[in-house]
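What follows is structure-v2.cif (mmCIF, C-alpha atoms (C1' of nucleotides)).
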```cif
data_input
loop_
_atom_site.label_atom_id
_atom_site.label_comp_id
_atom_site.auth_asym_id
_atom_site.auth_seq_id
_atom_site.Cartn_x
_atom_site.Cartn_y
_atom_site.Cartn_z
CA MET X 1 198.21 128.91 35.13
CA THR X 2 198.77 132.60 34.61
CA THR X 3 197.12 133.05 31.23
CA GLU X 4 194.39 135.63 31.43
CA ILE X 5 191.42 136.44 29.32
CA GLN X 6 191.92 139.42 27.05
CA THR X 7 189.36 142.15 26.97
CA THR X 8 190.02 142.97 23.34
CA ALA X 9 192.04 141.30 20.66
CA GLU X 10 194.32 144.28 20.60
CA ALA X 11 194.90 144.65 24.29
CA THR X 12 198.55 144.52 25.17
CA ARG X 13 198.71 140.93 26.33
CA GLN X 14 201.13 140.20 29.08
CA LEU X 15 204.07 140.39 26.75
CA ARG X 16 207.46 139.39 27.88
CA ALA X 17 209.34 142.44 29.13
CA ASP X 18 211.69 142.59 26.14
CA ALA X 19 208.78 142.22 23.74
CA ARG X 20 206.95 145.13 25.31
CA ARG X 21 210.07 147.23 25.04
CA ASN X 22 210.51 146.29 21.39
CA ARG X 23 206.93 147.08 20.57
CA GLU X 24 207.42 150.59 21.85
CA ARG X 25 210.65 150.99 19.95
CA ILE X 26 209.00 149.83 16.76
CA LEU X 27 206.13 152.25 17.17
CA GLU X 28 208.52 155.08 17.88
CA SER X 29 210.67 154.20 14.89
CA ALA X 30 207.62 153.83 12.66
CA ARG X 31 206.38 157.21 13.78
CA ALA X 32 209.60 158.80 12.54
CA VAL X 33 209.94 156.80 9.34
CA PHE X 34 206.34 157.21 8.23
CA ALA X 35 206.44 160.87 9.18
CA GLU X 36 209.35 161.34 6.83
CA CYS X 37 208.38 159.06 3.96
CA GLY X 38 204.63 158.73 4.17
CA ALA X 39 203.17 155.53 2.81
CA GLU X 40 206.35 154.79 0.86
CA ALA X 41 208.18 154.06 4.09
CA GLN X 42 209.58 150.55 4.09
CA MET X 43 209.21 147.90 6.72
CA ASP X 44 212.94 147.19 6.56
CA ASP X 45 213.65 150.80 7.44
CA VAL X 46 211.25 150.74 10.34
CA ALA X 47 213.00 147.60 11.63
CA ALA X 48 216.49 149.00 11.11
CA ARG X 49 215.74 152.27 12.87
CA ALA X 50 214.21 150.37 15.76
CA GLY X 51 217.28 148.17 15.91
CA VAL X 52 215.35 144.93 15.42
CA GLY X 53 214.85 142.46 12.58
CA VAL X 54 211.87 142.69 10.21
CA GLY X 55 210.54 139.48 11.66
CA THR X 56 210.11 141.24 14.98
CA VAL X 57 208.14 144.03 13.38
CA TYR X 58 205.84 141.45 11.85
CA ARG X 59 205.48 139.66 15.17
CA HIS X 60 203.96 142.83 16.57
CA PHE X 61 202.05 144.06 13.54
CA PRO X 62 200.75 141.52 11.01
CA THR X 63 201.02 143.86 8.03
CA LYS X 64 202.39 147.23 7.10
CA GLU X 65 198.87 148.53 6.95
CA ALA X 66 198.12 147.36 10.49
CA LEU X 67 201.16 149.30 11.65
CA MET X 68 200.03 152.44 9.87
CA VAL X 69 196.54 152.08 11.24
CA GLU X 70 197.85 151.91 14.79
CA LEU X 71 199.98 154.98 14.16
CA MET X 72 197.06 156.94 12.77
CA ARG X 73 194.77 155.89 15.59
CA GLN X 74 197.25 157.38 17.97
CA LYS X 75 197.35 160.60 15.98
CA PHE X 76 193.60 160.95 15.90
CA ARG X 77 193.45 160.23 19.60
CA LEU X 78 195.92 163.04 20.08
CA PHE X 79 193.71 165.34 18.04
CA ALA X 80 190.66 164.31 20.00
CA ASP X 81 192.48 164.97 23.26
CA ARG X 82 193.33 168.43 22.10
CA ALA X 83 189.72 168.98 21.16
CA ARG X 84 188.75 167.98 24.70
CA GLU X 85 191.22 170.51 26.07
CA ALA X 86 189.79 173.14 23.77
CA LEU X 87 186.37 172.46 25.26
CA GLU X 88 187.71 172.91 28.75
CA THR X 89 189.42 176.25 28.32
CA ASP X 90 187.49 179.40 29.01
CA GLN X 91 188.47 180.80 25.63
CA GLU X 92 185.83 182.12 23.29
CA PRO X 93 184.65 178.96 21.44
CA PHE X 94 185.52 180.12 17.92
CA GLU X 95 189.01 181.05 19.03
CA ALA X 96 189.35 177.71 20.76
CA LEU X 97 188.37 175.97 17.54
CA VAL X 98 190.86 177.97 15.50
CA GLY X 99 193.59 177.18 18.00
CA LEU X 100 192.75 173.50 17.69
CA LEU X 101 192.92 173.61 13.92
CA ARG X 102 196.23 175.40 13.98
CA ARG X 103 197.80 172.98 16.41
CA ASN X 104 196.61 169.95 14.52
CA ALA X 105 197.74 171.38 11.22
CA GLU X 106 201.14 172.09 12.71
CA THR X 107 201.39 168.46 13.77
CA ALA X 108 200.37 167.23 10.33
CA ALA X 109 202.90 169.56 8.73
CA HIS X 110 205.70 167.54 10.30
CA ASP X 111 204.22 164.19 9.33
CA ALA X 112 203.69 162.99 5.79
CA ALA X 113 201.71 159.94 6.86
CA THR X 114 199.28 162.05 8.84
CA GLN X 115 198.79 164.32 5.86
CA LEU X 116 197.81 161.32 3.81
CA ALA X 117 195.49 160.00 6.48
CA ILE X 118 193.71 163.31 6.84
CA ALA X 119 193.58 163.90 3.11
CA GLY X 120 191.99 160.48 2.84
CA ALA X 121 194.53 158.52 0.82
CA GLY X 122 193.72 154.85 1.23
CA GLU X 123 190.25 153.56 1.93
CA ASN X 124 191.40 151.20 4.64
CA LEU X 125 193.35 153.74 6.57
CA TRP X 126 190.22 155.82 6.62
CA ASP X 127 187.83 153.03 7.56
CA GLN X 128 189.95 151.59 10.28
CA THR X 129 190.37 154.87 12.09
CA GLN X 130 186.64 155.47 11.99
CA ALA X 131 186.13 155.35 15.75
CA GLU X 132 188.89 157.82 16.49
CA ARG X 133 187.68 160.22 13.82
CA GLU X 134 184.18 159.99 15.21
CA GLU X 135 185.45 161.03 18.60
CA LEU X 136 187.21 164.03 17.10
CA LEU X 137 184.15 164.91 15.04
CA GLU X 138 181.89 164.89 18.06
CA ARG X 139 184.06 167.23 20.05
CA THR X 140 184.44 169.49 17.05
CA ASP X 141 180.68 169.49 16.78
CA GLU X 142 180.35 170.68 20.35
CA LEU X 143 182.90 173.41 19.75
CA ILE X 144 180.97 174.53 16.69
CA ALA X 145 177.68 174.42 18.55
CA ARG X 146 179.05 176.74 21.20
CA ALA X 147 180.43 179.11 18.60
CA HIS X 148 177.05 179.09 16.88
CA ARG X 149 175.37 180.07 20.12
CA ALA X 150 177.91 182.82 20.59
CA GLY X 151 177.33 183.88 17.00
CA THR X 152 181.05 183.90 16.32
CA ILE X 153 181.03 181.35 13.54
CA ARG X 154 179.38 181.35 10.13
CA ALA X 155 175.89 179.96 10.60
CA ASP X 156 175.95 177.12 8.09
CA ILE X 157 179.21 175.47 9.10
CA GLN X 158 179.16 171.81 10.13
CA ALA X 159 181.85 169.56 11.52
CA SER X 160 182.15 167.72 8.22
CA ASP X 161 182.99 171.03 6.56
CA ILE X 162 185.90 171.45 8.93
CA ALA X 163 187.11 167.95 8.11
CA MET X 164 186.87 168.67 4.41
CA LEU X 165 188.64 171.98 4.77
CA MET X 166 191.45 170.44 6.79
CA CYS X 167 191.75 167.76 4.15
CA GLY X 168 192.46 170.57 1.72
CA VAL X 169 195.00 172.20 4.00
CA CYS X 170 196.88 168.92 4.43
CA SER X 171 196.80 168.36 0.73
CA ALA X 172 198.43 171.75 0.15
CA MET X 173 201.14 170.83 2.65
CA SER X 174 202.42 168.03 0.52
CA VAL X 175 202.98 170.32 -2.44
CA THR X 176 206.25 172.16 -2.65
CA ALA X 177 205.71 174.88 -5.19
CA PRO X 178 206.12 178.64 -5.17
CA GLY X 179 203.06 180.21 -3.63
CA PHE X 180 201.98 177.04 -1.89
CA ASP X 181 201.98 177.83 1.75
CA TRP X 182 199.63 175.86 3.95
CA GLU X 183 199.67 178.46 6.68
CA ARG X 184 198.26 181.00 4.29
CA HIS X 185 195.72 178.46 3.10
CA LEU X 186 194.71 177.83 6.69
CA ASP X 187 194.42 181.56 7.35
CA LEU X 188 192.08 181.94 4.41
CA VAL X 189 190.03 178.98 5.59
CA VAL X 190 189.78 180.33 9.11
CA ASP X 191 188.73 183.66 7.79
CA MET X 192 186.02 181.98 5.78
CA LEU X 193 184.62 180.41 8.93
CA ARG X 194 183.88 183.79 10.46
CA PRO X 195 180.38 185.15 10.14
CA ARG X 196 180.08 187.69 7.38
CA MET L 1 215.27 161.46 -49.22
CA THR L 2 212.10 162.31 -47.36
CA THR L 3 213.42 162.53 -43.81
CA GLU L 4 212.74 165.96 -42.40
CA ILE L 5 214.20 167.92 -39.56
CA GLN L 6 212.05 167.93 -36.45
CA THR L 7 211.26 171.16 -34.71
CA THR L 8 211.17 169.54 -31.28
CA ALA L 9 212.02 166.13 -29.98
CA GLU L 10 208.37 165.59 -29.19
CA ALA L 11 206.93 166.72 -32.46
CA THR L 12 204.84 164.04 -34.05
CA ARG L 13 207.42 162.73 -36.49
CA GLN L 14 206.12 161.51 -39.76
CA LEU L 15 204.86 158.31 -38.24
CA ARG L 16 203.58 155.55 -40.40
CA ALA L 17 199.81 155.87 -40.74
CA ASP L 18 199.09 152.85 -38.54
CA ALA L 19 201.46 154.12 -35.88
CA ARG L 20 199.75 157.49 -35.77
CA ARG L 21 196.43 155.76 -35.41
CA ASN L 22 197.73 153.59 -32.59
CA ARG L 23 199.23 156.53 -30.78
CA GLU L 24 195.82 158.15 -30.68
CA ARG L 25 194.16 154.97 -29.51
CA ILE L 26 196.69 154.57 -26.74
CA LEU L 27 196.17 158.12 -25.52
CA GLU L 28 192.42 157.68 -25.60
CA SER L 29 192.65 154.41 -23.72
CA ALA L 30 195.10 155.85 -21.21
CA ARG L 31 192.77 158.78 -20.63
CA ALA L 32 190.02 156.38 -19.60
CA VAL L 33 192.15 154.00 -17.58
CA PHE L 34 194.02 156.68 -15.65
CA ALA L 35 190.79 158.55 -15.10
CA GLU L 36 189.35 155.49 -13.45
CA CYS L 37 192.37 154.17 -11.54
CA GLY L 38 194.61 157.16 -11.04
CA ALA L 39 198.30 156.43 -10.75
CA GLU L 40 197.59 152.76 -9.98
CA ALA L 41 196.50 152.21 -13.56
CA GLN L 42 198.59 149.54 -15.23
CA MET L 43 200.35 149.69 -18.54
CA ASP L 44 198.94 146.29 -19.47
CA ASP L 45 195.43 147.63 -18.99
CA VAL L 46 196.14 150.67 -21.12
CA ALA L 47 197.44 148.38 -23.85
CA ALA L 48 194.53 145.95 -23.59
CA ARG L 49 191.92 148.68 -23.75
CA ALA L 50 193.64 150.20 -26.75
CA GLY L 51 193.72 146.81 -28.41
CA VAL L 52 197.50 146.77 -28.82
CA GLY L 53 200.40 145.00 -27.11
CA VAL L 54 202.35 146.59 -24.25
CA GLY L 55 205.36 146.84 -26.51
CA THR L 56 203.44 149.21 -28.72
CA VAL L 57 202.60 151.43 -25.78
CA TYR L 58 206.28 151.58 -24.90
CA ARG L 59 207.20 152.38 -28.49
CA HIS L 60 205.13 155.54 -28.19
CA PHE L 61 205.85 156.44 -24.56
CA PRO L 62 209.18 155.41 -23.03
CA THR L 63 207.80 155.06 -19.52
CA LYS L 64 204.53 155.06 -17.66
CA GLU L 65 205.41 158.43 -16.27
CA ALA L 66 205.97 159.89 -19.71
CA LEU L 67 202.50 158.74 -20.66
CA MET L 68 200.95 160.32 -17.61
CA VAL L 69 202.83 163.54 -18.21
CA GLU L 70 201.47 163.76 -21.74
CA LEU L 71 197.97 163.15 -20.45
CA MET L 72 198.28 165.84 -17.81
CA ARG L 73 199.75 168.31 -20.23
CA GLN L 74 196.67 167.88 -22.33
CA LYS L 75 194.43 168.44 -19.32
CA PHE L 76 196.21 171.62 -18.30
CA ARG L 77 196.08 172.84 -21.86
CA LEU L 78 192.33 172.27 -21.74
CA PHE L 79 192.12 174.28 -18.53
CA ALA L 80 194.20 177.06 -20.03
CA ASP L 81 191.95 177.12 -23.09
CA ARG L 82 188.93 177.51 -20.90
CA ALA L 83 190.66 180.32 -19.05
CA ARG L 84 191.22 182.04 -22.39
CA GLU L 85 187.54 181.69 -23.18
CA ALA L 86 186.68 183.11 -19.79
CA LEU L 87 188.76 186.15 -20.65
CA GLU L 88 186.92 186.61 -23.89
CA THR L 89 183.36 186.52 -22.59
CA ASP L 90 181.71 189.75 -21.57
CA GLN L 91 180.80 188.27 -18.20
CA GLU L 92 181.66 190.07 -15.01
CA PRO L 93 185.27 188.92 -14.32
CA PHE L 94 184.64 187.37 -10.92
CA GLU L 95 181.74 185.37 -12.30
CA ALA L 96 183.88 184.31 -15.23
CA LEU L 97 186.53 183.09 -12.80
CA VAL L 98 184.01 181.15 -10.74
CA GLY L 99 182.61 179.56 -13.88
CA LEU L 100 186.11 178.51 -14.86
CA LEU L 101 186.76 176.96 -11.47
CA ARG L 102 183.49 175.08 -11.55
CA ARG L 103 184.07 173.68 -14.99
CA ASN L 104 187.59 172.60 -14.24
CA ALA L 105 186.54 171.02 -10.96
CA GLU L 106 183.79 169.15 -12.76
CA THR L 107 186.36 167.76 -15.17
CA ALA L 108 188.66 166.72 -12.35
CA ALA L 109 185.76 165.06 -10.57
CA HIS L 110 185.54 162.53 -13.37
CA ASP L 111 189.26 161.88 -13.47
CA ALA L 112 191.31 160.40 -10.64
CA ALA L 113 194.61 161.09 -12.36
CA THR L 114 193.79 164.76 -12.79
CA GLN L 115 192.86 165.00 -9.14
CA LEU L 116 196.29 163.68 -8.25
CA ALA L 117 198.03 166.01 -10.65
CA ILE L 118 196.24 169.07 -9.30
CA ALA L 119 196.64 167.97 -5.70
CA GLY L 120 200.34 167.66 -6.45
CA ALA L 121 201.00 163.96 -5.95
CA GLY L 122 204.32 163.18 -7.58
CA GLU L 123 207.09 165.70 -7.94
CA ASN L 124 207.80 164.78 -11.54
CA LEU L 125 204.24 165.05 -12.70
CA TRP L 126 204.24 168.52 -11.27
CA ASP L 127 207.59 169.62 -12.66
CA GLN L 128 207.02 168.30 -16.12
CA THR L 129 203.72 170.10 -16.55
CA GLN L 130 205.28 173.35 -15.42
CA ALA L 131 204.84 175.17 -18.71
CA GLU L 132 201.17 174.29 -19.01
CA ARG L 133 200.47 175.29 -15.43
CA GLU L 134 202.25 178.57 -16.01
CA GLU L 135 199.97 179.30 -18.92
CA LEU L 136 196.92 178.61 -16.79
CA LEU L 137 198.32 180.68 -13.94
CA GLU L 138 198.91 183.67 -16.18
CA ARG L 139 195.39 183.71 -17.50
CA THR L 140 194.01 183.24 -14.03
CA ASP L 141 196.12 186.18 -12.96
CA GLU L 142 194.55 188.34 -15.63
CA LEU L 143 191.08 187.26 -14.59
CA ILE L 144 191.89 188.13 -10.99
CA ALA L 145 193.37 191.47 -11.99
CA ARG L 146 190.16 192.41 -13.76
CA ALA L 147 188.07 191.34 -10.79
CA HIS L 148 190.29 193.39 -8.54
CA ARG L 149 189.70 196.44 -10.70
CA ALA L 150 185.99 195.77 -10.58
CA GLY L 151 186.24 195.30 -6.84
CA THR L 152 184.36 192.03 -7.03
CA ILE L 153 187.05 189.84 -5.52
CA ARG L 154 188.69 189.87 -2.13
CA ALA L 155 191.60 192.27 -2.33
CA ASP L 156 194.42 190.00 -1.19
CA ILE L 157 193.77 187.04 -3.46
CA GLN L 158 196.53 185.87 -5.79
CA ALA L 159 196.58 183.25 -8.48
CA SER L 160 198.62 180.91 -6.33
CA ASP L 161 195.85 181.02 -3.74
CA ILE L 162 193.42 179.78 -6.32
CA ALA L 163 195.78 176.94 -7.20
CA MET L 164 196.13 176.01 -3.56
CA LEU L 165 192.41 176.17 -2.97
CA MET L 166 191.68 173.99 -6.00
CA CYS L 167 194.27 171.56 -4.76
CA GLY L 168 192.14 171.28 -1.64
CA VAL L 169 188.94 170.80 -3.60
CA CYS L 170 190.49 168.02 -5.66
CA SER L 171 191.78 166.40 -2.55
CA ALA L 172 188.28 166.35 -1.06
CA MET L 173 187.00 164.72 -4.24
CA SER L 174 189.06 161.61 -3.68
CA VAL L 175 187.52 161.02 -0.28
CA THR L 176 184.29 159.11 -0.09
CA ALA L 177 182.94 159.76 3.34
CA PRO L 178 179.65 161.09 4.67
CA GLY L 179 179.71 164.87 4.59
CA PHE L 180 182.50 165.00 2.04
CA ASP L 181 181.06 166.77 -0.91
CA TRP L 182 183.45 168.64 -3.13
CA GLU L 183 180.73 170.82 -4.58
CA ARG L 184 179.96 172.16 -1.14
CA HIS L 185 183.66 172.63 -0.52
CA LEU L 186 183.94 174.56 -3.75
CA ASP L 187 180.93 176.70 -2.84
CA LEU L 188 182.55 177.62 0.45
CA VAL L 189 185.80 178.42 -1.30
CA VAL L 190 184.08 180.58 -3.88
CA ASP L 191 182.23 182.41 -1.17
CA MET L 192 185.51 183.06 0.56
CA LEU L 193 186.86 184.73 -2.56
CA ARG L 194 184.18 187.41 -2.44
CA PRO L 195 185.05 190.72 -0.88
CA ARG L 196 183.76 191.03 2.66
"C1'" DA P 1 205.78 142.36 -56.74
"C1'" DA P 2 209.73 142.83 -54.20
"C1'" DC P 3 212.10 145.26 -50.69
"C1'" DT P 4 213.06 147.44 -46.37
"C1'" DA P 5 212.54 150.58 -42.68
"C1'" DT P 6 208.88 150.86 -39.29
"C1'" DA P 7 205.83 148.83 -36.14
"C1'" DT P 8 203.80 145.32 -33.54
"C1'" DG P 9 202.63 141.57 -29.92
"C1'" DG P 10 203.35 139.52 -25.91
"C1'" DA P 11 206.33 136.26 -23.47
"C1'" DA P 12 210.24 136.78 -20.65
"C1'" DC P 13 212.97 139.52 -17.64
"C1'" DT P 14 213.72 142.60 -13.66
"C1'" DA P 15 213.52 145.19 -9.62
"C1'" DC P 16 211.51 146.04 -5.57
"C1'" DG P 17 209.35 145.56 -1.34
"C1'" DA P 18 206.06 143.01 1.59
"C1'" DT P 19 205.80 138.80 4.05
"C1'" DT P 20 207.20 134.13 5.64
"C1'" DC P 21 210.03 130.69 7.88
"C1'" DC P 22 212.83 128.51 10.96
"C1'" DG P 23 216.97 127.76 13.70
"C1'" DC P 24 218.67 130.29 17.54
"C1'" DT P 25 218.22 133.28 21.88
"C1'" DT P 26 216.29 134.86 26.09
"C1'" DG P 27 212.93 135.87 29.75
"C1'" DT P 28 210.34 133.60 33.20
"C1'" DC P 29 209.00 130.35 36.43
"C1'" DA P 30 209.53 126.30 39.31
"C1'" DT W 1 219.80 126.36 37.30
"C1'" DG W 2 217.13 123.81 34.17
"C1'" DA W 3 213.29 123.66 31.08
"C1'" DC W 4 210.59 125.70 27.68
"C1'" DA W 5 207.43 128.88 25.80
"C1'" DA W 6 207.85 133.35 23.94
"C1'" DG W 7 210.45 136.16 21.13
"C1'" DC W 8 214.03 137.27 17.69
"C1'" DG W 9 216.92 137.99 13.26
"C1'" DG W 10 217.34 138.15 8.69
"C1'" DA W 11 217.96 135.26 4.58
"C1'" DA W 12 214.82 133.41 1.41
"C1'" DT W 13 210.39 133.56 -0.82
"C1'" DC W 14 206.63 135.49 -3.37
"C1'" DG W 15 203.85 138.55 -6.02
"C1'" DT W 16 203.41 142.43 -8.70
"C1'" DA W 17 203.97 145.60 -12.25
"C1'" DG W 18 207.16 148.15 -15.17
"C1'" DT W 19 210.22 147.37 -18.98
"C1'" DT W 20 212.84 144.86 -22.60
"C1'" DC W 21 213.51 141.95 -26.63
"C1'" DC W 22 213.04 139.93 -30.90
"C1'" DA W 23 210.64 137.10 -34.26
"C1'" DT W 24 207.00 138.44 -37.12
"C1'" DA W 25 203.93 141.61 -39.76
"C1'" DT W 26 202.98 145.73 -42.45
"C1'" DA W 27 203.06 150.42 -44.78
"C1'" DG W 28 205.17 152.80 -48.12
"C1'" DT W 29 208.37 152.95 -52.01
"C1'" DT W 30 210.54 151.64 -56.40
#
```
In structure tokens, write the structure found in this file.
Amino acid sequence: MTTEIQTTAEATRQLRADARRNRERILESARAVFAECGAEAQMDDVAARAGVGVGTVYRHFPTKEALMVELMRQKFRLFADRAREALETDQEPFEALVGLLRRNAETAAHDAATQLAIAGAGENLWDQTQAEREELLERTDELIARAHRAGTIRADIQASDIAMLMCGVCSAMSVTAPGFDWERHLDLVVDMLRPR
Amino acid sequence: MTTEIQTTAEATRQLRADARRNRERILESARAVFAECGAEAQMDDVAARAGVGVGTVYRHFPTKEALMVELMRQKFRLFADRAREALETDQEPFEALVGLLRRNAETAAHDAATQLAIAGAGENLWDQTQAEREELLERTDELIARAHRAGTIRADIQASDIAMLMCGVCSAMSVTAPGFDWERHLDLVVDMLRPR
DNA sequence: AACTATATGGAACTACGATTCCGCTTGTCA
DNA sequence: TGACAAGCGGAATCGTAGTTCCATATAGTT
């Protein structure tokens, strides 16, 4: 009797070795495919790139949405980790915040699915990454609070403003048109955050 | 022999009276349905709301995309018209520009399809409304030029920046989350446009 | 009033992509 | 090295929504 109680429904159960390996491959493949195609990515492509059958993908993730949610959770965790790092540097808080925004934007720029997630396409994707967003929001809040104390950020800025602004930046990323340059957009936004 | 030469392929040919009436109904219906559902709107719904069969919709617009394109052309023409008005008022140019942005944003706020079009979802929708956007861009340019001369706008702002910024505002509109408030976003953006 | 080119309605057809199913394979454990 | 539960592949299924087709109806004309 080796079956053990799971702490959460999502915990990686004691999967058979090959299954664990496949799960990782699928996630890795999905990362690439969704990054390239956004929500239009197809399950068959994810399977093919991972070198497994679709059935296997579905064994690990019950629906396409569940797969995307897992992917986005990972991304937001990454962002939150970076925010933690930003809090630990001895940089001036506003500069630390700006660095965080730039790094996260850079990541989103290479990933169509992340752009969608940040820009808020799809209610469910948003809802089901709530916890991870919260985490990021809290750390951003702390960064802002410090900058406020230092007087290096515009007085009325809140964390939700940053989220909204980044939503705009990510939205501009997905447009390919002359004059549309998300880095410029981000520069303008950053400049706006400075105290007058 | 009453057949006449058409000036453009799209010109309203001499349709039979009932057909002309239906065409208008379909556009009106489509306006409402796409405003509510965005790109997910269904042709059957457009037809039902217009009180005609789907076949009739397809007689007037060869594809769903063609219908959306027509709708968006009309919207951008509306925006361009407002820009023209803004140029004709005796308001201070920067204020005229801000008024234009607010009115257009307000319109987009009631229309999911317009939000998508402005935020640049769908290559084709973008490409095929090129001419109308151009028109809007030109007038915006003139407004900006006047504000520059008056020194009431940030010196480095270009028309494409405004487009990009509005893309962000429209993107924020489609998100329903605490703290997401496009009017606040727009206020911040407007404030950013002011000279330091 | 008859005639015919235009229009119309809506059932049927299609294409596409997510998801299911099940016979076969492979780790794992005694 | 069996035995068997866990895992796998991928063809087949299913649902959805855009698009087509054609028998029928109607506006405009003589």
So which residues touch region 93-100 of chain L within 9 Å, counting only C-alpha atoms (C1' of nucleotides), skipping near sequence neighbours fewer than 4 positions away, as a list in words?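 These residues fall inside the cut-off: Phe79, Arg82, Ala83, Ala86, Leu87, Thr89, Asn104, Ala105, Thr140, Leu143, Ile144, Ala145, Arg146, Ala147, His148, Ala150, Thr152, Ile153, Val190 and Arg194 of chain L.
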Just C-alpha atoms for this one: save the residues we selected as a PDB file, in the coordinates of the input.
```pdb
ATOM      1  CA  PHE L  79     192.120 174.280 -18.530  1.00  0.00           C
ATOM      2  CA  ARG L  82     188.930 177.510 -20.900  1.00  0.00           C
ATOM      3  CA  ALA L  83     190.660 180.320 -19.050  1.00  0.00           C
ATOM      4  CA  ALA L  86     186.680 183.110 -19.790  1.00  0.00           C
ATOM      5  CA  LEU L  87     188.760 186.150 -20.650  1.00  0.00           C
ATOM      6  CA  THR L  89     183.360 186.520 -22.590  1.00  0.00           C
ATOM      7  CA  ASN L 104     187.590 172.600 -14.240  1.00  0.00           C
ATOM      8  CA  ALA L 105     186.540 171.020 -10.960  1.00  0.00           C
ATOM      9  CA  THR L 140     194.010 183.240 -14.030  1.00  0.00           C
ATOM     10  CA  LEU L 143     191.080 187.260 -14.590  1.00  0.00           C
ATOM     11  CA  ILE L 144     191.890 188.130 -10.990  1.00  0.00           C
ATOM     12  CA  ALA L 145     193.370 191.470 -11.990  1.00  0.00           C
ATOM     13  CA  ARG L 146     190.160 192.410 -13.760  1.00  0.00           C
ATOM     14  CA  ALA L 147     188.070 191.340 -10.790  1.00  0.00           C
ATOM     15  CA  HIS L 148     190.290 193.390  -8.540  1.00  0.00           C
ATOM     16  CA  ALA L 150     185.990 195.770 -10.580  1.00  0.00           C
ATOM     17  CA  THR L 152     184.360 192.030  -7.030  1.00  0.00           C
ATOM     18  CA  ILE L 153     187.050 189.840  -5.520  1.00  0.00           C
ATOM     19  CA  VAL L 190     184.080 180.580  -3.880  1.00  0.00           C
ATOM     20  CA  ARG L 194     184.180 187.410  -2.440  1.00  0.00           C
TER      21      ARG L 194
END
```
Any chance you could work out the residue set of the PyMOL selection byres ((chain L and resi 23-30) around 12) here, as a PyMOL selection string? (chain L and resi 12-13+15-22+31-61+64-72+74+111+113) or (chain P and resi 7)
Please write the residues picked by the PyMOL selection byres ((chain X) within 9 of (chain L)) on this file as an MDAnalysis selection string. chainID X and resid 119:123 126 158:161 163:172 174:182 184:185 188:189 191:193 196
Counting all atoms listed in the file, chain W residues within 12 Å of chain L, as an NGL selection string: :W and (16-22 or 26-29)
One decimal, in Å: what's the spacing between CA of Gln14 (chain L) and C1' of DA25 (chain W)? 20.0 Å
Give me, as an MDAnalysis selection string, the residues of chain P touching chain X, with the criterion being at most 10 Å (counting all atoms listed in the file). chainID P and resid 17:21 26:28
A straight line from CA of Phe76 (chain X) to CA of Arg133 (chain X) spans 6.3 Å
Got a sec: who's within 12 Å of DT25 (chain P), counting only C-alpha atoms (C1' of nucleotides), leaving out chain neighbours fewer than 6 positions off, as a PyMOL selection string? chain W and resi 6-9
Name the residues that the PyMOL selection byres ((chain P and resi 30) around 10) pulls out of this structure, and write them as a ChimeraX atom specification. /P:28-29 /W:2-3
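You will find CA of Asp156 (chain L) at 16.9 Å from CA of Glu138 (chain L).
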